[in-house]
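Enquirer: Structure file upload-v5.cif (mmCIF, C-alpha atoms and all ligand atoms) right here:
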```cif
data_final
#
loop_
_atom_site.label_atom_id
_atom_site.label_comp_id
_atom_site.auth_asym_id
_atom_site.auth_seq_id
_atom_site.Cartn_x
_atom_site.Cartn_y
_atom_site.Cartn_z
CA MET A 1 0.00 0.00 0.00
CA GLN A 2 2.70 2.37 1.05
CA THR A 3 4.77 1.79 -2.09
CA GLU A 4 1.68 2.06 -4.31
CA LYS A 5 0.83 5.43 -2.80
CA ARG A 6 4.38 6.65 -3.26
CA ASP A 7 4.41 5.51 -6.90
CA VAL A 8 1.36 7.65 -7.62
CA LEU A 9 2.82 10.61 -5.81
CA ASP A 10 6.16 10.16 -7.52
CA LYS A 11 4.47 11.19 -10.76
CA LEU A 12 3.85 14.73 -9.50
CA ASN A 13 6.04 17.23 -11.27
CA CYS A 14 7.21 20.68 -10.36
CA PRO A 15 7.10 23.29 -13.14
CA VAL A 16 9.84 25.47 -11.65
CA GLU A 17 12.18 22.73 -10.49
CA ASP A 18 15.10 23.99 -12.59
CA LYS A 19 14.87 27.61 -11.51
CA CYS A 20 13.84 27.43 -7.88
CA GLY A 21 16.69 25.51 -6.28
CA GLY A 22 14.60 24.65 -3.21
CA CYS A 23 14.25 20.96 -4.05
CA GLN A 24 17.49 19.46 -5.30
CA LEU A 25 16.17 15.88 -5.45
CA GLN A 26 12.60 16.32 -6.70
CA HIS A 27 13.54 14.76 -10.07
CA LEU A 28 14.14 11.44 -8.31
CA SER A 29 11.48 9.03 -7.08
CA TYR A 30 11.03 9.23 -3.31
CA GLU A 31 12.66 5.82 -2.84
CA LYS A 32 15.73 7.06 -4.75
CA GLN A 33 15.80 10.27 -2.71
CA LEU A 34 15.93 8.22 0.47
CA GLU A 35 18.71 6.05 -0.96
CA GLU A 36 20.73 9.17 -1.79
CA LYS A 37 20.35 10.57 1.70
CA GLN A 38 21.18 7.24 3.31
CA LYS A 39 24.34 7.05 1.21
CA GLN A 40 25.42 10.55 2.19
CA VAL A 41 24.81 10.01 5.91
CA ASN A 42 26.59 6.62 5.80
CA MET A 43 29.56 8.16 4.06
CA LEU A 44 29.90 10.89 6.69
CA LEU A 45 29.04 8.98 9.84
CA ASP A 46 29.66 5.25 9.56
CA LYS A 47 33.24 5.76 10.72
CA PHE A 48 31.79 6.67 14.14
CA CYS A 49 28.99 4.17 14.58
CA ASN A 50 26.27 2.05 13.11
CA VAL A 51 23.95 4.14 10.90
CA GLY A 52 20.31 3.02 11.04
CA ASP A 53 17.91 2.93 8.09
CA ILE A 54 16.59 6.33 7.14
CA ILE A 55 13.00 6.93 8.26
CA GLY A 56 11.05 8.37 5.32
CA MET A 57 7.53 9.79 5.05
CA GLU A 58 4.49 7.94 3.86
CA ASN A 59 3.31 11.03 1.99
CA PRO A 60 6.39 13.12 1.15
CA TYR A 61 4.46 16.12 -0.22
CA TYR A 62 2.89 19.35 1.08
CA TYR A 63 4.55 18.90 4.48
CA ARG A 64 6.03 22.38 5.04
CA ASN A 65 4.06 24.16 7.76
CA LYS A 66 6.04 27.36 7.23
CA VAL A 67 5.67 28.91 3.80
CA HIS A 68 7.42 32.03 2.66
CA ALA A 69 6.74 34.01 -0.52
CA VAL A 70 8.70 37.01 -1.73
CA PHE A 71 6.75 39.65 -3.67
CA ASP A 72 7.98 41.62 -6.66
CA THR A 73 6.80 43.31 -9.85
CA ASP A 74 8.10 42.05 -13.19
CA LYS A 75 9.24 44.17 -16.16
CA LYS A 76 5.69 44.22 -17.59
CA GLY A 77 4.33 45.57 -14.31
CA ASN A 78 2.70 42.31 -13.21
CA ILE A 79 2.85 41.47 -9.53
CA ILE A 80 4.56 38.16 -8.89
CA SER A 81 5.13 36.09 -5.77
CA GLY A 82 7.30 33.08 -5.19
CA VAL A 83 10.87 32.25 -4.33
CA TYR A 84 14.27 33.67 -5.16
CA GLU A 85 15.94 31.93 -8.08
CA ALA A 86 18.81 29.76 -6.79
CA GLY A 87 21.78 31.97 -5.91
CA SER A 88 20.16 35.26 -6.93
CA HIS A 89 17.57 37.84 -5.95
CA LYS A 90 15.43 37.31 -9.04
CA VAL A 91 11.94 36.15 -8.08
CA VAL A 92 10.60 32.94 -9.65
CA SER A 93 6.81 32.98 -9.71
CA VAL A 94 5.30 30.05 -7.79
CA ASP A 95 1.58 29.47 -7.23
CA SER A 96 1.73 26.06 -5.70
CA CYS A 97 4.67 24.07 -4.45
CA LEU A 98 4.89 20.30 -3.98
CA ILE A 99 6.33 20.53 -0.49
CA GLU A 100 4.35 23.47 0.94
CA ASP A 101 1.07 23.39 2.84
CA GLN A 102 -1.59 23.92 0.18
CA ARG A 103 -3.76 26.13 2.40
CA ALA A 104 -0.82 28.51 2.72
CA ASP A 105 -0.15 28.57 -1.03
CA ASN A 106 -3.81 29.40 -1.72
CA ILE A 107 -3.74 32.33 0.70
CA ILE A 108 -0.59 33.72 -0.92
CA VAL A 109 -2.25 33.64 -4.36
CA THR A 110 -5.28 35.44 -2.91
CA ILE A 111 -3.11 38.14 -1.34
CA ARG A 112 -1.33 38.67 -4.66
CA GLY A 113 -4.70 39.10 -6.39
CA MET A 114 -5.85 41.68 -3.82
CA LEU A 115 -2.88 44.04 -4.08
CA LYS A 116 -3.95 45.98 -7.16
CA SER A 117 -7.41 46.93 -5.88
CA PHE A 118 -5.88 48.02 -2.56
CA LYS A 119 -3.19 50.00 -4.44
CA ILE A 120 -0.47 48.15 -2.56
CA ARG A 121 2.84 48.10 -4.42
CA THR A 122 5.47 45.47 -3.96
CA TYR A 123 8.65 46.54 -2.23
CA ASN A 124 11.71 47.20 -4.37
CA GLU A 125 14.82 45.99 -2.55
CA ASP A 126 17.13 48.36 -4.42
CA THR A 127 15.16 51.60 -4.15
CA GLY A 128 13.26 50.89 -0.92
CA VAL A 129 10.05 52.06 -2.65
CA GLY A 130 6.80 50.09 -2.29
CA LEU A 131 5.16 48.27 0.60
CA LEU A 132 4.70 44.48 0.50
CA ARG A 133 7.96 42.56 0.77
CA HIS A 134 7.12 39.04 1.89
CA VAL A 135 4.28 36.93 3.15
CA LEU A 136 5.04 34.27 5.72
CA ILE A 137 2.43 31.71 6.65
CA ARG A 138 2.56 29.16 9.46
CA THR A 139 -0.01 26.42 9.82
CA GLY A 140 -0.72 24.17 12.77
CA HIS A 141 -0.66 20.53 11.71
CA MET A 142 -3.02 19.29 14.43
CA SER A 143 -4.77 22.54 15.39
CA GLY A 144 -5.39 23.72 11.82
CA GLU A 145 -4.64 27.28 12.99
CA ILE A 146 -3.15 29.60 10.35
CA MET A 147 -0.99 32.67 10.90
CA VAL A 148 -0.35 35.14 8.10
CA VAL A 149 2.58 37.53 8.55
CA LEU A 150 2.63 40.48 6.14
CA VAL A 151 6.20 41.76 5.94
CA LEU A 152 6.16 45.40 4.89
CA GLY A 153 8.89 47.85 3.97
CA SER A 154 7.19 50.58 6.03
CA HIS A 155 5.02 50.78 9.15
CA ILE A 156 2.51 52.91 7.22
CA PHE A 157 -0.11 50.52 5.85
CA PRO A 158 -2.96 52.84 4.81
CA SER A 159 -5.77 50.39 4.06
CA LYS A 160 -4.84 47.78 6.65
CA ASN A 161 -8.23 47.31 8.34
CA ASN A 162 -10.06 46.85 5.06
CA PHE A 163 -7.32 44.62 3.70
CA VAL A 164 -7.53 42.36 6.75
CA LYS A 165 -11.33 42.25 6.58
CA ALA A 166 -11.28 41.34 2.89
CA LEU A 167 -8.65 38.63 3.38
CA ILE A 168 -10.51 37.03 6.30
CA LYS A 169 -13.71 37.08 4.27
CA ILE A 170 -12.09 35.01 1.51
CA HIS A 171 -10.11 32.80 3.93
CA PRO A 172 -12.03 32.45 7.20
CA GLU A 173 -9.62 29.63 8.09
CA ILE A 174 -6.95 32.25 8.91
CA THR A 175 -6.78 32.56 12.70
CA THR A 176 -4.33 35.44 13.03
CA ILE A 177 -2.68 38.16 10.93
CA VAL A 178 0.48 39.98 11.99
CA MET A 179 2.17 42.95 10.35
CA ASN A 180 5.97 42.89 10.51
CA VAL A 181 8.08 45.85 9.43
CA ASN A 182 11.37 45.20 7.69
CA ASN A 183 12.81 48.33 6.07
CA LYS A 184 16.44 47.19 6.11
CA LYS A 185 18.63 46.09 3.22
CA THR A 186 18.91 42.51 4.39
CA SER A 187 18.31 38.94 3.31
CA MET A 188 16.50 38.29 6.61
CA VAL A 189 12.76 37.97 6.00
CA LEU A 190 11.44 39.39 9.27
CA GLY A 191 12.21 42.76 10.82
CA GLU A 192 12.04 43.67 14.52
CA ARG A 193 8.76 45.59 14.69
CA GLU A 194 5.45 43.73 14.85
CA GLN A 195 1.78 44.59 15.19
CA VAL A 196 -1.05 42.12 15.52
CA LEU A 197 -3.79 43.03 13.04
CA TYR A 198 -6.18 40.17 13.69
CA GLY A 199 -6.48 37.32 16.22
CA LYS A 200 -3.99 36.46 18.94
CA GLY A 201 -0.68 37.00 17.11
CA PHE A 202 0.54 33.39 17.30
CA ILE A 203 -0.68 29.89 16.53
CA GLU A 204 -0.73 26.82 18.70
CA ASP A 205 -0.02 23.29 17.63
CA THR A 206 0.17 19.90 19.31
CA LEU A 207 3.28 17.80 19.07
CA CYS A 208 3.79 14.52 21.00
CA ASP A 209 0.69 15.36 23.11
CA LYS A 210 1.99 18.75 24.25
CA VAL A 211 0.60 22.09 23.08
CA PHE A 212 3.06 24.64 21.70
CA ARG A 213 2.67 28.32 21.07
CA ILE A 214 4.50 29.51 17.97
CA SER A 215 5.19 33.23 17.40
CA PRO A 216 6.18 34.73 14.03
CA LYS A 217 9.90 34.83 14.87
CA SER A 218 10.29 31.60 16.82
CA PHE A 219 11.90 28.56 15.29
CA TYR A 220 9.54 25.61 14.87
CA GLN A 221 10.33 22.44 12.94
CA ILE A 222 8.76 22.73 9.50
CA ASN A 223 7.59 19.11 9.22
CA ALA A 224 5.34 18.15 12.13
CA VAL A 225 4.85 14.50 11.13
CA GLN A 226 8.57 13.74 11.03
CA THR A 227 9.33 15.90 14.06
CA GLU A 228 7.21 13.55 16.16
CA VAL A 229 9.21 10.63 14.74
CA LEU A 230 12.52 12.41 15.40
CA TYR A 231 11.74 13.48 18.95
CA GLY A 232 10.34 10.03 19.72
CA LYS A 233 13.66 8.50 18.61
CA ALA A 234 15.73 11.07 20.51
CA ILE A 235 13.89 10.37 23.77
CA GLU A 236 14.00 6.61 23.22
CA LEU A 237 17.77 6.72 22.62
CA ALA A 238 18.28 8.75 25.80
CA GLY A 239 16.92 5.78 27.80
CA LEU A 240 15.62 8.08 30.56
CA LYS A 241 14.83 6.52 33.96
CA GLY A 242 13.08 9.40 35.70
CA ASN A 243 15.75 10.74 38.06
CA GLU A 244 17.92 12.62 35.55
CA THR A 245 18.76 16.27 35.12
CA ILE A 246 18.91 17.01 31.41
CA ILE A 247 19.84 19.95 29.22
CA ASP A 248 17.91 20.91 26.09
CA ALA A 249 20.44 23.12 24.29
CA TYR A 250 19.38 25.28 21.33
CA CYS A 251 15.86 24.58 22.59
CA GLY A 252 13.78 26.97 20.44
CA ILE A 253 10.27 27.13 21.93
CA GLY A 254 11.19 24.29 24.29
CA THR A 255 9.80 21.36 22.32
CA ILE A 256 12.34 18.61 23.11
CA GLY A 257 12.71 19.55 26.79
CA LEU A 258 8.97 19.86 27.37
CA ILE A 259 8.31 16.51 25.69
CA ALA A 260 11.12 14.87 27.70
CA SER A 261 10.08 16.55 30.98
CA SER A 262 7.71 13.81 32.11
CA HIS A 263 10.55 11.24 31.83
CA VAL A 264 13.09 13.11 34.04
CA LYS A 265 13.57 15.00 37.29
CA LYS A 266 14.64 18.35 35.87
CA VAL A 267 15.12 20.02 32.48
CA ILE A 268 17.25 23.07 31.71
CA GLY A 269 16.63 24.71 28.33
CA VAL A 270 18.88 27.32 26.71
CA GLU A 271 18.17 29.36 23.59
CA LEU A 272 19.48 32.59 22.06
CA ASN A 273 16.26 33.90 20.45
CA ARG A 274 14.33 36.00 22.96
CA ASP A 275 10.91 35.42 21.39
CA ALA A 276 11.45 31.66 21.32
CA VAL A 277 12.37 31.64 25.04
CA LYS A 278 9.25 33.66 25.85
CA ASP A 279 7.20 31.07 23.96
CA ALA A 280 9.04 28.25 25.77
CA ILE A 281 8.17 29.69 29.22
CA ILE A 282 4.53 30.10 28.21
CA ASN A 283 4.54 26.57 26.77
CA ALA A 284 5.71 25.16 30.11
CA LYS A 285 2.82 26.90 31.90
CA ARG A 286 0.33 25.96 29.18
CA ASN A 287 1.20 22.28 29.63
CA ASN A 288 1.42 22.57 33.42
CA ILE A 289 5.08 21.48 33.45
CA LYS A 290 6.94 22.59 36.56
CA ASN A 291 10.32 20.84 36.35
CA ILE A 292 11.72 22.92 33.47
CA TYR A 293 13.81 26.14 33.50
CA PHE A 294 14.61 28.21 30.42
CA TYR A 295 17.53 30.58 29.91
CA ASN A 296 17.88 33.19 27.17
CA GLN A 297 21.59 32.98 26.39
CA ASP A 298 24.18 31.81 23.93
CA ALA A 299 24.33 28.05 24.50
CA GLY A 300 28.16 27.99 24.60
CA VAL A 301 28.42 30.79 27.16
CA PHE A 302 25.69 29.17 29.25
CA MET A 303 27.36 25.73 29.24
CA ASN A 304 30.64 27.37 30.14
CA GLN A 305 29.05 28.97 33.20
CA MET A 306 27.44 25.68 34.23
CA ALA A 307 30.77 23.89 33.89
CA ASP A 308 32.54 26.59 35.95
CA GLU A 309 29.93 26.23 38.66
CA LYS A 310 30.57 22.45 38.62
CA GLN A 311 26.90 21.73 37.98
CA SER A 312 26.13 18.17 37.07
CA VAL A 313 23.89 16.90 34.31
CA ASP A 314 23.03 13.37 33.24
CA VAL A 315 21.98 13.80 29.62
CA VAL A 316 22.54 16.64 27.16
CA PHE A 317 20.24 17.00 24.15
CA LEU A 318 21.60 19.44 21.60
CA ASP A 319 19.89 20.56 18.42
CA PRO A 320 22.04 23.35 16.98
CA PRO A 321 21.43 25.31 13.76
CA ARG A 322 23.00 24.21 10.45
CA SER A 323 26.37 25.65 11.41
CA GLY A 324 26.60 23.08 14.21
CA SER A 325 27.83 23.61 17.75
CA THR A 326 30.97 25.40 18.97
CA GLU A 327 34.14 24.24 20.69
CA GLN A 328 33.17 26.36 23.69
CA PHE A 329 29.88 24.47 23.98
CA LEU A 330 31.40 21.03 23.38
CA ASP A 331 34.37 21.57 25.75
CA SER A 332 32.06 22.73 28.53
CA MET A 333 29.64 19.88 27.90
CA ILE A 334 32.43 17.30 28.05
CA SER A 335 33.86 18.79 31.24
CA MET A 336 30.43 18.34 32.87
CA ASN A 337 30.75 14.65 32.06
CA PRO A 338 27.13 13.72 31.19
CA LYS A 339 26.59 9.99 30.77
CA LYS A 340 24.78 10.52 27.48
CA VAL A 341 24.66 13.07 24.69
CA ILE A 342 21.83 13.06 22.16
CA TYR A 343 22.88 15.17 19.18
CA ILE A 344 20.10 16.14 16.76
CA SER A 345 21.40 17.73 13.60
CA CYS A 346 19.94 19.18 10.42
CA ASN A 347 23.35 19.19 8.72
CA PRO A 348 25.29 15.91 8.54
CA GLU A 349 28.49 17.78 7.58
CA THR A 350 28.75 19.90 10.72
CA LEU A 351 27.53 16.86 12.66
CA GLU A 352 30.52 14.89 11.35
CA ARG A 353 32.87 17.70 12.45
CA ASP A 354 31.34 17.90 15.94
CA LEU A 355 31.22 14.11 16.42
CA ALA A 356 34.91 13.87 15.49
CA TYR A 357 35.60 16.45 18.21
CA ILE A 358 33.49 14.68 20.85
CA VAL A 359 34.74 11.12 20.22
CA LYS A 360 38.34 12.28 20.75
CA ARG A 361 37.33 13.45 24.22
CA GLY A 362 35.94 10.45 26.02
CA TYR A 363 32.68 9.64 24.28
CA GLU A 364 31.64 7.02 21.79
CA ALA A 365 28.82 7.21 19.27
CA LYS A 366 26.43 4.26 19.53
CA ILE A 367 24.00 4.80 16.67
CA ALA A 368 22.96 7.47 14.16
CA ILE A 369 19.40 7.49 12.87
CA PRO A 370 18.63 9.58 9.78
CA VAL A 371 15.09 10.97 9.60
CA ASP A 372 13.85 12.54 6.37
CA MET A 373 12.37 15.83 7.51
CA PHE A 374 12.78 17.52 4.12
CA PRO A 375 11.57 15.28 1.25
CA GLY A 376 12.38 16.65 -2.21
CA THR A 377 15.40 18.54 -0.89
CA GLU A 378 18.94 17.32 -0.29
CA HIS A 379 18.67 17.98 3.45
CA CYS A 380 18.47 15.32 6.11
CA GLU A 381 18.04 15.29 9.86
CA VAL A 382 20.09 12.86 11.97
CA CYS A 383 19.81 11.86 15.62
CA VAL A 384 22.94 10.42 17.27
CA GLU A 385 23.28 8.69 20.63
CA MET A 386 26.67 9.13 22.34
CA CYS A 387 27.77 7.57 25.63
CA ARG A 388 30.62 8.31 28.00
CA ARG A 389 33.34 5.72 27.55
N1 LIG B 401 15.26 22.30 19.42
C1 LIG B 401 14.38 23.23 18.77
C2 LIG B 401 15.09 24.25 17.91
C3 LIG B 401 16.18 23.77 17.01
S1 LIG B 401 16.72 24.92 15.79
C4 LIG B 401 13.33 22.49 17.98
O1 LIG B 401 13.49 21.33 17.66
O2 LIG B 401 12.31 23.09 17.65
C5 LIG B 401 18.11 25.66 16.46
C6 LIG B 401 17.81 26.71 17.51
O3 LIG B 401 19.08 27.21 17.96
C7 LIG B 401 17.04 27.93 17.02
O4 LIG B 401 15.91 28.12 17.87
C8 LIG B 401 18.04 29.10 17.16
O5 LIG B 401 17.41 30.31 17.54
C9 LIG B 401 18.94 28.59 18.26
N2 LIG B 401 20.30 29.14 18.32
C10 LIG B 401 21.10 29.51 17.29
N3 LIG B 401 22.31 29.88 17.75
C11 LIG B 401 22.29 29.74 19.09
C12 LIG B 401 23.25 29.95 20.12
N4 LIG B 401 24.46 30.39 19.85
N5 LIG B 401 22.89 29.68 21.39
C13 LIG B 401 21.64 29.22 21.68
N6 LIG B 401 20.69 29.00 20.75
C14 LIG B 401 21.00 29.26 19.47
#
```
How does this structure look as structure tokens?
Expert:
Amino acid sequence: MQTEKRDVLDKLNCPVEDKCGGCQLQHLSYEKQLEEKQKQVNMLLDKFCNVGDIIGMENPYYYRNKVHAVFDTDKKGNIISGVYEAGSHKVVSVDSCLIEDQRADNIIVTIRGMLKSFKIRTYNEDTGVGLLRHVLIRTGHMSGEIMVVLVLGSHIFPSKNNFVKALIKIHPEITTIVMNVNNKKTSMVLGEREQVLYGKGFIEDTLCDKVFRISPKSFYQINAVQTEVLYGKAIELAGLKGNETIIDAYCGIGTIGLIASSHVKKVIGVELNRDAVKDAIINAKRNNIKNIYFYNQDAGVFMNQMADEKQSVDVVFLDPPRSGSTEQFLDSMISMNPKKVIYISCNPETLERDLAYIVKRGYEAKIAIPVDMFPGTEHCEVCVEMCRR
């Protein structure tokens, strides 16, 4: 059944595959994509430990719960929305994407169609003229909630109330709309300033039976189905007994720590993004979890302080960004001597670098499990269990 379903889905084609650059492997069948990823992870990691079979998705399409469209006007004066062409700032027009939530894509097309009658011009990155820069949409997998973030080049949005009313009328499924102002010359999508135009200003979603609040700027895994698989594996590999103190480093809105909290004595979460930490603290209250403490700091500096204070921890979960962890973090972690380290990585190359560093310093890798969080693309998530020798 599963293979049959995949065969049908494998026939879907993307019209902008060559220009977009978002999906490097979409030309391959899903089975082949998984083979490619398995090969790459094996090549990088099998010198450290046994690499398990990659865990793929049953339906590897339309999984992205965070969808971003950049707006522009073409030479003929037509408004377009889509993605930047690979390696450039030229916008490729995209109406529907094989990996994005379809509700989000529909809303983006609607917004594009509304601009002319509301006399809203798209923002020109070079001249700074115009208003609408990007639209960012986040959808709750379980809750069905939808947040639309309108990223504008100016805080002056003349027809905003009517625009919001008209958009909600066409898409009553939208639960919140936020205006974000980004008037800087930057490749970052979101600016600092925010104003809630409709609803509560965030969405909630359920993951592994816990409810999470997700604000516009907080990091949240983009594939909810596979995140549950990944976190389930991470917690299983940690082999928690109930009396441990654990660290959730690079914790985002606190997902891993909050999910692990019922299996341990105490959780300490650390995260650099202020908004994410605020969400994490609210998430602890929302789920009535009392054995978790969050800190808004650089993870390396924080670990360094903990090590200096001779604090003890039993298990460290770390889930750093693509660039991986730092020597400061890893040195401090090792000096605290946890019995286990669970490293979750979205970049096998920096994972290889960090594992090489850790195994030279008293730890051994037991198993690496690749989880396909990003079908169609070349990216792969990996969860590694490491034990003190
Ligand atoms: N564990 C979370 C988030 C993982 S993404 C989850 O699964 O949802 C990586 C997180 O690391 C992001 O939230 C990012 O803001 C944070 N981060 C990046 N650099 C950091 C640093 N130097 N110190 C602490 N957190 C950092």
Enquirer: Would you give me, as JSON lines, each residue of chain A having an atom within 6 Å of an atom of ligand LIG 401 (chain B), along with its shortest atom pair and that distance in Å to one decimal, using only C-alpha atoms and all ligand atoms and sorting by chain and residue number?
Expert:
```
{"residue": "A:Phe219", "atom": "CA", "partner": "B:LIG401", "partner_atom": "O4", "distance": 4.8}
{"residue": "A:Tyr220", "atom": "CA", "partner": "B:LIG401", "partner_atom": "O2", "distance": 4.7}
{"residue": "A:Gln221", "atom": "CA", "partner": "B:LIG401", "partner_atom": "O2", "distance": 5.2}
{"residue": "A:Tyr250", "atom": "CA", "partner": "B:LIG401", "partner_atom": "O3", "distance": 3.9}
{"residue": "A:Cys251", "atom": "CA", "partner": "B:LIG401", "partner_atom": "N1", "distance": 4.0}
{"residue": "A:Gly252", "atom": "CA", "partner": "B:LIG401", "partner_atom": "O4", "distance": 3.5}
{"residue": "A:Thr255", "atom": "CA", "partner": "B:LIG401", "partner_atom": "O2", "distance": 5.6}
{"residue": "A:Ile256", "atom": "CA", "partner": "B:LIG401", "partner_atom": "N1", "distance": 6.0}
{"residue": "A:Glu271", "atom": "CA", "partner": "B:LIG401", "partner_atom": "N6", "distance": 3.8}
{"residue": "A:Leu272", "atom": "CA", "partner": "B:LIG401", "partner_atom": "N6", "distance": 4.0}
{"residue": "A:Asn273", "atom": "CA", "partner": "B:LIG401", "partner_atom": "O5", "distance": 4.8}
{"residue": "A:Asp298", "atom": "CA", "partner": "B:LIG401", "partner_atom": "N5", "distance": 3.6}
{"residue": "A:Ala299", "atom": "CA", "partner": "B:LIG401", "partner_atom": "N5", "distance": 3.8}
{"residue": "A:Asp319", "atom": "CA", "partner": "B:LIG401", "partner_atom": "N1", "distance": 5.0}
{"residue": "A:Pro320", "atom": "CA", "partner": "B:LIG401", "partner_atom": "C5", "distance": 4.6}
{"residue": "A:Pro321", "atom": "CA", "partner": "B:LIG401", "partner_atom": "C5", "distance": 4.3}
```
Enquirer: Using only C-alpha atoms, give me every residue within 10 Å of (12.4, 26.2, 24.1) in file coordinates, as a PyMOL selection string.
Expert: chain A and resi 212+218-220+248-258+268-273+275-284+292-296
Enquirer: Mind giving me the straight-line distance from CA of Phe163 in chain A to CA of Arg121 in chain A in Å, one decimal?
Expert: 13.5 Å
Enquirer: For range 364-378 of chain A, I'd like the enclosing box, axis-aligned and padded by 6 Å on every side, reported as lines of an AutoDock Vina configuration file with centre and edge lengths in Å to one decimal.
Expert:
```
center_x = 21.6
center_y = 11.4
center_z = 9.8
size_x = 32.1
size_y = 26.3
size_z = 36.0
```
Enquirer: I want to know what sits within 8 Å of Ile344 in chain A, based on all atoms listed in the file, with residues of the same chain fewer than 2 positions away left out; could you give that as a CSV table (one decimal) with C-alpha atoms, in the coordinates of the input?
Expert:
```
chain,number,residue,atom,x,y,z
A,234,ALA,CA,15.7,11.1,20.5
A,317,PHE,CA,20.2,17.0,24.2
A,318,LEU,CA,21.6,19.4,21.6
A,319,ASP,CA,19.9,20.6,18.4
A,320,PRO,CA,22.0,23.4,17.0
A,342,ILE,CA,21.8,13.1,22.2
A,346,CYS,CA,19.9,19.2,10.4
A,381,GLU,CA,18.0,15.3,9.9
A,382,VAL,CA,20.1,12.9,12.0
A,383,CYS,CA,19.8,11.9,15.6
A,384,VAL,CA,22.9,10.4,17.3
```
Enquirer: Suppose you want the space between CA of Leu150 in chain A and CA of Phe374 in chain A; what is it in Å?
Expert: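 One can read the CA of Leu150 in chain A to CA of Phe374 in chain A distance as 25.2 Å.
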Enquirer: CA of Leu34 in chain A and CA of Cys208 in chain A, how far apart in Å?
Expert: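 Separating CA of Cys208 in chain A from CA of Leu34 in chain A is a distance of 24.7 Å.
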Enquirer: Go through A:Ile247, A:Val149, A:Asn304, A:His155 and flag the residue nearest Gly199 in chain A, using all atoms listed in the file for the distances.
Expert: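 Selected residue with least distance to Gly199 in chain A: A:Val149.
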Enquirer: Hey, which of A:Ile170, A:Leu131, A:Val211, A:Ile334 ends up closest to Arg286 in chain A? Count all atoms listed in the file.
Expert: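 So, comparing all the options, the nearest one is A:Val211.
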Enquirer: Restricting the calculation to all atoms listed in the file, which member of A:Arg213, A:Ile203, A:Leu152, A:Gln195 is positioned closest to Val181 in chain A?
Expert: A:Leu152
Enquirer: So, with only C-alpha atoms as the atoms that count, which of A:Lys169, A:Val51, A:Lys210, A:Glu204 lies closest to Glu228 in chain A?
Expert: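 Between A:Lys169, A:Val51, A:Lys210, A:Glu204, the residue approaching Glu228 in chain A most closely is A:Lys210.
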Enquirer: Between A:Leu240, A:Met373, A:Leu136, A:Val264, which residue has the minimum interatomic distance to Ala224 in chain A, considering only C-alpha atoms?
Expert: A:Met373
Enquirer: Using all atoms listed in the file, which residues sit within 10 Å of Ser323 in chain A once same-chain residues fewer than 6 positions away are excluded, as a list in words?
Expert: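 Returned residues: Ser345, Cys346, Asn347, Glu349, Thr350 and Leu351 of chain A.
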Enquirer: Give me the residues near Leu330 in chain A as JSON, numbers by chain, where near means some atom within 10 Å (using all atoms listed in the file) and where sequence neighbours in that chain fewer than 5 positions away do not count.
Expert: {"A": [300, 303, 304, 325, 335, 336, 354, 355, 357, 358, 361]}
Enquirer: With distances taken over all atoms listed in the file, which of A:Ala260, A:Val109, A:Ala104, A:Val41 is nearest to Ser81 in chain A?
Expert: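 Among the listed residues, A:Val109 lies closest to Ser81 in chain A.
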Enquirer: N, CA, C and O atoms for range 222-229 of chain A, written as an mmCIF file, keeping the file's coordinate frame, could you do that?
Expert:
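Contents of the output file rebuild_25.cif:
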```
data_model
loop_
_atom_site.group_PDB
_atom_site.id
_atom_site.type_symbol
_atom_site.label_atom_id
_atom_site.label_comp_id
_atom_site.auth_asym_id
_atom_site.auth_seq_id
_atom_site.Cartn_x
_atom_site.Cartn_y
_atom_site.Cartn_z
ATOM 1 N N ILE A 222 9.696 22.459 10.590
ATOM 2 C CA ILE A 222 8.760 22.730 9.500
ATOM 3 C C ILE A 222 7.944 21.486 9.073
ATOM 4 O O ILE A 222 7.021 21.608 8.290
ATOM 5 N N ASN A 223 8.304 20.325 9.608
ATOM 6 C CA ASN A 223 7.590 19.110 9.220
ATOM 7 C C ASN A 223 7.112 18.403 10.492
ATOM 8 O O ASN A 223 7.869 17.684 11.148
ATOM 9 N N ALA A 224 5.845 18.632 10.833
ATOM 10 C CA ALA A 224 5.340 18.150 12.130
ATOM 11 C C ALA A 224 5.316 16.618 12.210
ATOM 12 O O ALA A 224 5.659 16.050 13.248
ATOM 13 N N VAL A 225 4.950 15.963 11.112
ATOM 14 C CA VAL A 225 4.850 14.500 11.130
ATOM 15 C C VAL A 225 6.196 13.876 11.484
ATOM 16 O O VAL A 225 6.314 13.035 12.381
ATOM 17 N N GLN A 226 7.250 14.326 10.802
ATOM 18 C CA GLN A 226 8.570 13.740 11.030
ATOM 19 C C GLN A 226 9.212 14.242 12.328
ATOM 20 O O GLN A 226 10.067 13.570 12.893
ATOM 21 N N THR A 227 8.794 15.411 12.780
ATOM 22 C CA THR A 227 9.330 15.900 14.060
ATOM 23 C C THR A 227 8.903 14.965 15.186
ATOM 24 O O THR A 227 9.694 14.647 16.074
ATOM 25 N N GLU A 228 7.660 14.489 15.132
ATOM 26 C CA GLU A 228 7.210 13.550 16.160
ATOM 27 C C GLU A 228 8.054 12.266 16.111
ATOM 28 O O GLU A 228 8.426 11.720 17.140
ATOM 29 N N VAL A 229 8.377 11.832 14.894
ATOM 30 C CA VAL A 229 9.210 10.630 14.740
ATOM 31 C C VAL A 229 10.598 10.900 15.322
ATOM 32 O O VAL A 229 11.136 10.117 16.112
#
```
